[in-house]
Amino acid sequence: MSRSSSLALAERYYAAFNAGDSEGMLACLSDDVVHDINQGGRQQGKEAFRAFLAHMDACYRERLTGIVLMSDEAGHRLAAEFVVHGEYLTTDGDLPPAKGQRYELPAGAFLTVQDGQITRVAVHYNLADWIAQVGAG
């Protein structure tokens with residue numbers, strides 16, 4: 001897969017995210033996708049990612065702006081930088097109580113692409129910043 005094709009795949013993935021289209025996001029992923037959760041564990045497989053997306057949709061409403069994509073020469077490794085604009089809808093585990101707080105958070109992600117599919121997703125953001133924003137709400 002070329003660099004431009006990999007970047008186009010990442011663009012489709014993030015466009016699906018912003019459209020709230022979980023199935024569109026999943027269509028960009030390999031069946032055995034590895035998902036490194038921010039400051040958390042590692043999940044593997046498209047079904048685990050589907051469950052993660054359902055959980056996120058229940059707890060948060062998010063939109064990404066200022067998406068900048070970068071790639072290595074071959075298009076196998078990509079990075080994305082963006083700003084997350086969100087609303088905290090339902091309390092997520094032992095995180096602060098949700099009361100519809102809004103937040104704005106810089107974030108980044110690393111993607112690995114192989115055979116026309118994303119095989120790894122790792123999103124990173126400052127959890128302490130997010131907690132400070134929603135805790136004050």
# chains A, B, ... in the order shown; residues from 1 in each chain; ligands from 1
call {"tool": "residues_around", "arguments": {"residues": "range 106-120 of chain A", "least_positions_apart": "3", "cutoff": "7 Å", "atoms": "only C-alpha atoms", "output": "PyMOL selection string"}}
result
chain A and resi 1+6+28-30+32-35+76-84+123-125
call {"tool": "select_by_dssp", "arguments": {"residues": "chain A", "states": "strand (DSSP E)", "output": "VMD selection string"}}
result
chain A and resid 29 to 36 42 to 44 60 to 71 77 to 88 102 to 114 117 to 125
call {"tool": "residues_around", "arguments": {"residues": "Met25 in chain A", "least_positions_apart": "4", "cutoff": "9 Å", "atoms": "only C-alpha atoms", "output": "MDAnalysis selection string"}}
result
chainID A and resid 12:17 20:21 29
call {"tool": "write_last_selection", "arguments": {"atoms": "all heavy atoms", "output": "PDB file, in the first residue's frame"}}
result
ATOM      1  N   ARG A  12     -10.330   8.350   5.947  1.00  0.00           N
ATOM      2  CA  ARG A  12     -11.646   7.688   6.011  1.00  0.00           C
ATOM      3  C   ARG A  12     -11.983   7.291   7.450  1.00  0.00           C
ATOM      4  O   ARG A  12     -13.116   7.445   7.907  1.00  0.00           O
ATOM      5  CB  ARG A  12     -11.681   6.453   5.119  1.00  0.00           C
ATOM      6  CG  ARG A  12     -11.806   6.753   3.650  1.00  0.00           C
ATOM      7  CD  ARG A  12     -12.194   5.536   2.813  1.00  0.00           C
ATOM      8  NE  ARG A  12     -11.352   4.373   3.020  1.00  0.00           N
ATOM      9  CZ  ARG A  12     -10.178   4.163   2.417  1.00  0.00           C
ATOM     10  NH1 ARG A  12      -9.699   5.066   1.570  1.00  0.00           N
ATOM     11  NH2 ARG A  12      -9.487   3.063   2.643  1.00  0.00           N
ATOM     12  N   TYR A  13     -10.998   6.767   8.161  1.00  0.00           N
ATOM     13  CA  TYR A  13     -11.187   6.348   9.543  1.00  0.00           C
ATOM     14  C   TYR A  13     -11.637   7.530  10.414  1.00  0.00           C
ATOM     15  O   TYR A  13     -12.614   7.438  11.154  1.00  0.00           O
ATOM     16  CB  TYR A  13      -9.878   5.748  10.060  1.00  0.00           C
ATOM     17  CG  TYR A  13      -9.888   5.348  11.511  1.00  0.00           C
ATOM     18  CD1 TYR A  13     -10.448   4.141  11.914  1.00  0.00           C
ATOM     19  CD2 TYR A  13      -9.311   6.163  12.483  1.00  0.00           C
ATOM     20  CE1 TYR A  13     -10.445   3.762  13.245  1.00  0.00           C
ATOM     21  CE2 TYR A  13      -9.303   5.789  13.813  1.00  0.00           C
ATOM     22  CZ  TYR A  13      -9.869   4.592  14.188  1.00  0.00           C
ATOM     23  OH  TYR A  13      -9.868   4.227  15.508  1.00  0.00           O
ATOM     24  N   TYR A  14     -10.936   8.659  10.300  1.00  0.00           N
ATOM     25  CA  TYR A  14     -11.283   9.817  11.113  1.00  0.00           C
ATOM     26  C   TYR A  14     -12.560  10.507  10.632  1.00  0.00           C
ATOM     27  O   TYR A  14     -13.306  11.064  11.445  1.00  0.00           O
ATOM     28  CB  TYR A  14     -10.105  10.785  11.220  1.00  0.00           C
ATOM     29  CG  TYR A  14      -9.046  10.222  12.143  1.00  0.00           C
ATOM     30  CD1 TYR A  14      -7.799   9.838  11.661  1.00  0.00           C
ATOM     31  CD2 TYR A  14      -9.312  10.026  13.488  1.00  0.00           C
ATOM     32  CE1 TYR A  14      -6.850   9.302  12.509  1.00  0.00           C
ATOM     33  CE2 TYR A  14      -8.366   9.478  14.342  1.00  0.00           C
ATOM     34  CZ  TYR A  14      -7.146   9.111  13.844  1.00  0.00           C
ATOM     35  OH  TYR A  14      -6.212   8.561  14.689  1.00  0.00           O
ATOM     36  N   ALA A  15     -12.845  10.461   9.358  1.00  0.00           N
ATOM     37  CA  ALA A  15     -14.120  10.995   8.867  1.00  0.00           C
ATOM     38  C   ALA A  15     -15.279  10.171   9.433  1.00  0.00           C
ATOM     39  O   ALA A  15     -16.313  10.723   9.839  1.00  0.00           O
ATOM     40  CB  ALA A  15     -14.152  10.997   7.339  1.00  0.00           C
ATOM     41  N   ALA A  16     -15.109   8.859   9.489  1.00  0.00           N
ATOM     42  CA  ALA A  16     -16.138   7.997  10.078  1.00  0.00           C
ATOM     43  C   ALA A  16     -16.294   8.312  11.562  1.00  0.00           C
ATOM     44  O   ALA A  16     -17.412   8.364  12.080  1.00  0.00           O
ATOM     45  CB  ALA A  16     -15.786   6.526   9.857  1.00  0.00           C
ATOM     46  N   PHE A  17     -15.178   8.532  12.266  1.00  0.00           N
ATOM     47  CA  PHE A  17     -15.251   8.912  13.681  1.00  0.00           C
ATOM     48  C   PHE A  17     -16.107  10.160  13.838  1.00  0.00           C
ATOM     49  O   PHE A  17     -17.039  10.192  14.652  1.00  0.00           O
ATOM     50  CB  PHE A  17     -13.841   9.158  14.240  1.00  0.00           C
ATOM     51  CG  PHE A  17     -13.850   9.561  15.684  1.00  0.00           C
ATOM     52  CD1 PHE A  17     -13.647   8.617  16.673  1.00  0.00           C
ATOM     53  CD2 PHE A  17     -14.059  10.883  16.057  1.00  0.00           C
ATOM     54  CE1 PHE A  17     -13.664   8.988  18.018  1.00  0.00           C
ATOM     55  CE2 PHE A  17     -14.085  11.259  17.390  1.00  0.00           C
ATOM     56  CZ  PHE A  17     -13.879  10.305  18.375  1.00  0.00           C
ATOM     57  N   GLY A  20     -19.759   9.761  13.528  1.00  0.00           N
ATOM     58  CA  GLY A  20     -20.396   8.837  14.462  1.00  0.00           C
ATOM     59  C   GLY A  20     -20.686   7.494  13.827  1.00  0.00           C
ATOM     60  O   GLY A  20     -21.591   6.783  14.230  1.00  0.00           O
ATOM     61  N   ASP A  21     -19.893   7.132  12.829  1.00  0.00           N
ATOM     62  CA  ASP A  21     -20.096   5.924  12.038  1.00  0.00           C
ATOM     63  C   ASP A  21     -19.135   4.817  12.490  1.00  0.00           C
ATOM     64  O   ASP A  21     -18.069   4.627  11.905  1.00  0.00           O
ATOM     65  CB  ASP A  21     -19.888   6.266  10.556  1.00  0.00           C
ATOM     66  CG  ASP A  21     -20.050   5.082   9.626  1.00  0.00           C
ATOM     67  OD1 ASP A  21     -20.443   3.985  10.080  1.00  0.00           O
ATOM     68  OD2 ASP A  21     -19.754   5.264   8.425  1.00  0.00           O
ATOM     69  N   LEU A  29     -10.383  -1.335   9.726  1.00  0.00           N
ATOM     70  CA  LEU A  29      -9.522  -2.118  10.608  1.00  0.00           C
ATOM     71  C   LEU A  29      -9.388  -3.563  10.165  1.00  0.00           C
ATOM     72  O   LEU A  29     -10.324  -4.145   9.621  1.00  0.00           O
ATOM     73  CB  LEU A  29     -10.101  -2.114  12.031  1.00  0.00           C
ATOM     74  CG  LEU A  29     -10.365  -0.762  12.679  1.00  0.00           C
ATOM     75  CD1 LEU A  29     -10.990  -0.964  14.053  1.00  0.00           C
ATOM     76  CD2 LEU A  29      -9.103   0.070  12.750  1.00  0.00           C
TER      77      LEU A  29
END
call {"tool": "closest_atom_pairs", "arguments": {"of": "range 70-126 of chain A", "to": "range 36-59 of chain A", "cutoff": "7 Å", "atoms": "only C-alpha atoms", "output": "Markdown table"}}
result
| residue | atom | partner | partner_atom | distance |
| --- | --- | --- | --- | --- |
| A:Tyr88 | CA | A:Cys59 | CA | 6.1 |
| A:Leu89 | CA | A:Cys59 | CA | 5.0 |
| A:Thr90 | CA | A:Cys59 | CA | 4.4 |
| A:Thr91 | CA | A:Cys59 | CA | 6.4 |
| A:Asp92 | CA | A:Cys59 | CA | 6.2 |
| A:Val121 | CA | A:Asp36 | CA | 6.3 |
| A:Ala122 | CA | A:Asp36 | CA | 4.6 |
| A:Val123 | CA | A:Asn38 | CA | 5.7 |
| A:His124 | CA | A:Asn38 | CA | 5.2 |
| A:Tyr125 | CA | A:Asn38 | CA | 6.9 |
call {"tool": "write_last_selection", "arguments": {"atoms": "all heavy atoms", "output": "PDB file, in the first residue's frame"}}
result
ATOM      1  N   TYR A  88     -19.155  14.830  28.163  1.00  0.00           N
ATOM      2  CA  TYR A  88     -19.147  13.659  29.040  1.00  0.00           C
ATOM      3  C   TYR A  88     -20.587  13.340  29.409  1.00  0.00           C
ATOM      4  O   TYR A  88     -21.213  14.038  30.201  1.00  0.00           O
ATOM      5  CB  TYR A  88     -18.290  13.987  30.260  1.00  0.00           C
ATOM      6  CG  TYR A  88     -17.961  12.862  31.187  1.00  0.00           C
ATOM      7  CD1 TYR A  88     -17.914  11.537  30.790  1.00  0.00           C
ATOM      8  CD2 TYR A  88     -17.651  13.142  32.512  1.00  0.00           C
ATOM      9  CE1 TYR A  88     -17.573  10.525  31.664  1.00  0.00           C
ATOM     10  CE2 TYR A  88     -17.306  12.144  33.404  1.00  0.00           C
ATOM     11  CZ  TYR A  88     -17.276  10.839  32.982  1.00  0.00           C
ATOM     12  OH  TYR A  88     -16.935   9.834  33.866  1.00  0.00           O
ATOM     13  N   LEU A  89     -21.137  12.266  28.864  1.00  0.00           N
ATOM     14  CA  LEU A  89     -22.564  11.973  28.945  1.00  0.00           C
ATOM     15  C   LEU A  89     -22.962  11.097  30.122  1.00  0.00           C
ATOM     16  O   LEU A  89     -23.987  11.335  30.767  1.00  0.00           O
ATOM     17  CB  LEU A  89     -23.018  11.285  27.644  1.00  0.00           C
ATOM     18  CG  LEU A  89     -22.718  12.027  26.349  1.00  0.00           C
ATOM     19  CD1 LEU A  89     -23.049  11.150  25.160  1.00  0.00           C
ATOM     20  CD2 LEU A  89     -23.478  13.339  26.310  1.00  0.00           C
ATOM     21  N   THR A  90     -22.200  10.035  30.358  1.00  0.00           N
ATOM     22  CA  THR A  90     -22.529   9.032  31.373  1.00  0.00           C
ATOM     23  C   THR A  90     -21.257   8.677  32.118  1.00  0.00           C
ATOM     24  O   THR A  90     -20.219   8.462  31.488  1.00  0.00           O
ATOM     25  CB  THR A  90     -23.105   7.755  30.713  1.00  0.00           C
ATOM     26  OG1 THR A  90     -24.254   8.110  29.942  1.00  0.00           O
ATOM     27  CG2 THR A  90     -23.499   6.709  31.744  1.00  0.00           C
ATOM     28  N   THR A  91     -21.337   8.592  33.435  1.00  0.00           N
ATOM     29  CA  THR A  91     -20.145   8.296  34.234  1.00  0.00           C
ATOM     30  C   THR A  91     -19.478   7.016  33.740  1.00  0.00           C
ATOM     31  O   THR A  91     -20.128   5.989  33.560  1.00  0.00           O
ATOM     32  CB  THR A  91     -20.512   8.167  35.721  1.00  0.00           C
ATOM     33  OG1 THR A  91     -21.106   9.401  36.157  1.00  0.00           O
ATOM     34  CG2 THR A  91     -19.289   7.874  36.569  1.00  0.00           C
ATOM     35  N   ASP A  92     -18.170   7.108  33.549  1.00  0.00           N
ATOM     36  CA  ASP A  92     -17.371   6.005  33.020  1.00  0.00           C
ATOM     37  C   ASP A  92     -16.555   5.402  34.161  1.00  0.00           C
ATOM     38  O   ASP A  92     -15.538   5.957  34.578  1.00  0.00           O
ATOM     39  CB  ASP A  92     -16.463   6.524  31.902  1.00  0.00           C
ATOM     40  CG  ASP A  92     -15.720   5.417  31.179  1.00  0.00           C
ATOM     41  OD1 ASP A  92     -15.834   4.246  31.581  1.00  0.00           O
ATOM     42  OD2 ASP A  92     -15.022   5.732  30.196  1.00  0.00           O
ATOM     43  N   VAL A 121      -4.013   0.653  16.565  1.00  0.00           N
ATOM     44  CA  VAL A 121      -4.464   1.996  16.925  1.00  0.00           C
ATOM     45  C   VAL A 121      -4.021   2.255  18.357  1.00  0.00           C
ATOM     46  O   VAL A 121      -4.313   1.459  19.252  1.00  0.00           O
ATOM     47  CB  VAL A 121      -6.004   2.121  16.844  1.00  0.00           C
ATOM     48  CG1 VAL A 121      -6.459   3.499  17.311  1.00  0.00           C
ATOM     49  CG2 VAL A 121      -6.521   1.821  15.453  1.00  0.00           C
ATOM     50  N   ALA A 122      -3.312   3.350  18.570  1.00  0.00           N
ATOM     51  CA  ALA A 122      -2.900   3.754  19.910  1.00  0.00           C
ATOM     52  C   ALA A 122      -3.157   5.248  20.047  1.00  0.00           C
ATOM     53  O   ALA A 122      -2.519   6.050  19.369  1.00  0.00           O
ATOM     54  CB  ALA A 122      -1.428   3.443  20.141  1.00  0.00           C
ATOM     55  N   VAL A 123      -4.117   5.630  20.891  1.00  0.00           N
ATOM     56  CA  VAL A 123      -4.484   7.030  21.091  1.00  0.00           C
ATOM     57  C   VAL A 123      -3.887   7.493  22.417  1.00  0.00           C
ATOM     58  O   VAL A 123      -3.919   6.756  23.404  1.00  0.00           O
ATOM     59  CB  VAL A 123      -6.011   7.213  21.086  1.00  0.00           C
ATOM     60  CG1 VAL A 123      -6.385   8.671  21.326  1.00  0.00           C
ATOM     61  CG2 VAL A 123      -6.602   6.733  19.766  1.00  0.00           C
ATOM     62  N   HIS A 124      -3.348   8.711  22.417  1.00  0.00           N
ATOM     63  CA  HIS A 124      -2.723   9.253  23.622  1.00  0.00           C
ATOM     64  C   HIS A 124      -3.222  10.669  23.892  1.00  0.00           C
ATOM     65  O   HIS A 124      -3.306  11.482  22.977  1.00  0.00           O
ATOM     66  CB  HIS A 124      -1.193   9.269  23.463  1.00  0.00           C
ATOM     67  CG  HIS A 124      -0.639   7.910  23.259  1.00  0.00           C
ATOM     68  ND1 HIS A 124      -0.370   7.058  24.298  1.00  0.00           N
ATOM     69  CD2 HIS A 124      -0.336   7.230  22.127  1.00  0.00           C
ATOM     70  CE1 HIS A 124       0.092   5.915  23.828  1.00  0.00           C
ATOM     71  NE2 HIS A 124       0.122   5.994  22.505  1.00  0.00           N
ATOM     72  N   TYR A 125      -3.570  10.924  25.147  1.00  0.00           N
ATOM     73  CA  TYR A 125      -3.966  12.260  25.598  1.00  0.00           C
ATOM     74  C   TYR A 125      -3.625  12.372  27.073  1.00  0.00           C
ATOM     75  O   TYR A 125      -3.302  11.371  27.734  1.00  0.00           O
ATOM     76  CB  TYR A 125      -5.460  12.518  25.351  1.00  0.00           C
ATOM     77  CG  TYR A 125      -6.365  11.509  26.007  1.00  0.00           C
ATOM     78  CD1 TYR A 125      -6.819  11.695  27.310  1.00  0.00           C
ATOM     79  CD2 TYR A 125      -6.756  10.359  25.331  1.00  0.00           C
ATOM     80  CE1 TYR A 125      -7.628  10.750  27.924  1.00  0.00           C
ATOM     81  CE2 TYR A 125      -7.564   9.426  25.937  1.00  0.00           C
ATOM     82  CZ  TYR A 125      -7.998   9.628  27.227  1.00  0.00           C
ATOM     83  OH  TYR A 125      -8.802   8.695  27.834  1.00  0.00           O
TER      84      TYR A 125
END
call {"tool": "residues_around", "arguments": {"residues": "Gly100 in chain A", "least_positions_apart": "2", "cutoff": "12 Å", "atoms": "only C-alpha atoms", "output": "VMD selection string"}}
result
chain A and resid 59 to 61 86 to 91 96 to 98 102 to 103 133 to 137
call {"tool": "select_by_dssp", "arguments": {"residues": "chain A", "states": "alpha helix (DSSP H)", "output": "PyMOL selection string"}}
result
chain A and resi 3-18+22-27+46-59+127-135
call {"tool": "residues_around", "arguments": {"residues": "Ser4 in chain A", "least_positions_apart": "6", "cutoff": "10 Å", "atoms": "only C-alpha atoms", "output": "JSON, numbers by chain"}}
result
{"A": [10, 71, 73, 74, 75]}
